[in-house]
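Report on the following structure.
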Amino acid sequence: MDFLFTEEQKMLKESIGHFALKEIKPLVEESDEKAEWPEKFTKKLAEMGLLGIIIPTEYSGAGYSNLDYVIILEELSKVDPSVGLVVAAHNSLCSNHINLFGSEQQKKTYLARLASGQTLGAWALTEAEAGSDAAALKTKAEKKEDHWILNGSKLFITNASVAEISVVMAVTNPDSKRKGISAFIVEKGMKGFKVGKKEDKLGIRAADTSEIIFEDLKVPAENLIGEEGEGYRQAMGILDGGRVSIAAFSLGIAAGALEAGLKYSKQREQFNQPISDFQAIQWMLADGFTELDAARLLTYRAAFLEDEGKSIPKESAMAKLYASELAVRASSDAVQIHGGYGFTKDYPVEKFYRDSKLATIGEGTSEVQRWIIAQQVLKEL
């Protein structure tokens, strides 16, 4: 068992960290205030190969491993979690769904566009009545000769208004329940595709989160991914990998917050000594950095097993649960270490604190993760 990064992974971590500080950090405050995704980020991420991270090179991707992907997402999210989330949704959900389940023609048509930065991708599963219960979809797709007609809406979709390509789950056979859900590739320019309400969020504000509405949307038959009725099974597989990406996103938040807290504690003086000399502060840091390493190991394990082609429902849920809840604890402690300053926008911990909460909600709440883990443990033991 090897716990060490390769030389290539060390270089990758350093280069992504440098890129994030140079290209992303200067725009973090502005994009958060405006709640807008800077279009220049899309081009810069593409130039670094970060919009095709786990896509094979034959489809214009970077061909990185899932462990490499975790390293990348942590470094991006340490600087701006909004960027980490956009990259995760684009790579793990939209692009990877096409990569794993799409036809050869679909891969050739769409993956190069997604990897090159011509557009961002979105993944549309969640609905107003279908959140944790992903099988309760209301969006319907009806077959008509050489096309499908989609009607319905999706909620809380990352990248919705900035993406040109979306993978959409819809009901094609209401009587078959989970086996009656199918997945489709939908393009923004198709007649009947409409972006609805844009959410004004507590955190992760630069990442677009919007509603998508389908009104008699005509989708070519060849845009069905896999076979009819396979959409739910495909989505559950995609979410296993997606949870690893959210765990990595959470690592970045926790690491960024803890490092900021550590730095401030060594600078801030009270009672004629830096507050890092006080046991209360030291214990916050000791607990935080210990839990951060534990979260990393859970996340690395899940990514490693994914690279080995293993099924990882339990491992991905454990990583996502632990890392996401750590992100909230670590950012809260970092605010506490900063005292009153931690509640102001003069220091980065205020934003980490706001951003962290999404980690325990997106791609399955903490309660859902515990349910998944429990079901797997009961089955195994």
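Going by the structure tokens order, chains are called A, B, ..., each with residues numbered from 1, while ligands are numbered from 1 in the order shown.
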
I'd like the contact shell of Lys107 in chain A - 12 Å cut-off, only C-alpha atoms, skipping same-chain residues fewer than 3 positions apart - returned as a list in words.
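So the residues in contact are Ile55, Pro56, Thr57, Glu58, Tyr59, Ser60, Gly61, Cys94, Ser95, Asn96, His97, Ile98, Asn99, Leu100, Phe101, Gly102, Ser103, Glu104, Tyr110, Leu111, Ala112, Arg113, Leu114, Ala115, Ile185, Asn223, Ile225 and Gly226 of chain A.
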
Determine, counting only C-alpha atoms, which protein, DNA and RNA residues have an atom within 8 Å of an atom of range 368-371 of chain A; residues of the same chain fewer than 2 positions away are not included. Present the result as a ChimeraX atom specification.
/A:132,317-318,320-321,364-366,373-375

For Ser82 in chain A, find every residue with an atom within 9 Å (counting only C-alpha atoms), except residues of its own chain fewer than 6 positions away, and show them as a PyMOL selection string.
chain A and resi 28+32+37+76+203-208+355

Write out as number ranges by chain the residues lying within 10 Å of Val349 in chain A, counting only C-alpha atoms and excluding same-chain residues fewer than 2 positions away.
A: 253, 256-261, 330-338, 341-347, 351-355

Have a look at CA of Ala327 in chain A and CA of Ser245 in chain A and let me know their distance in Å, one decimal.
13.8 Å
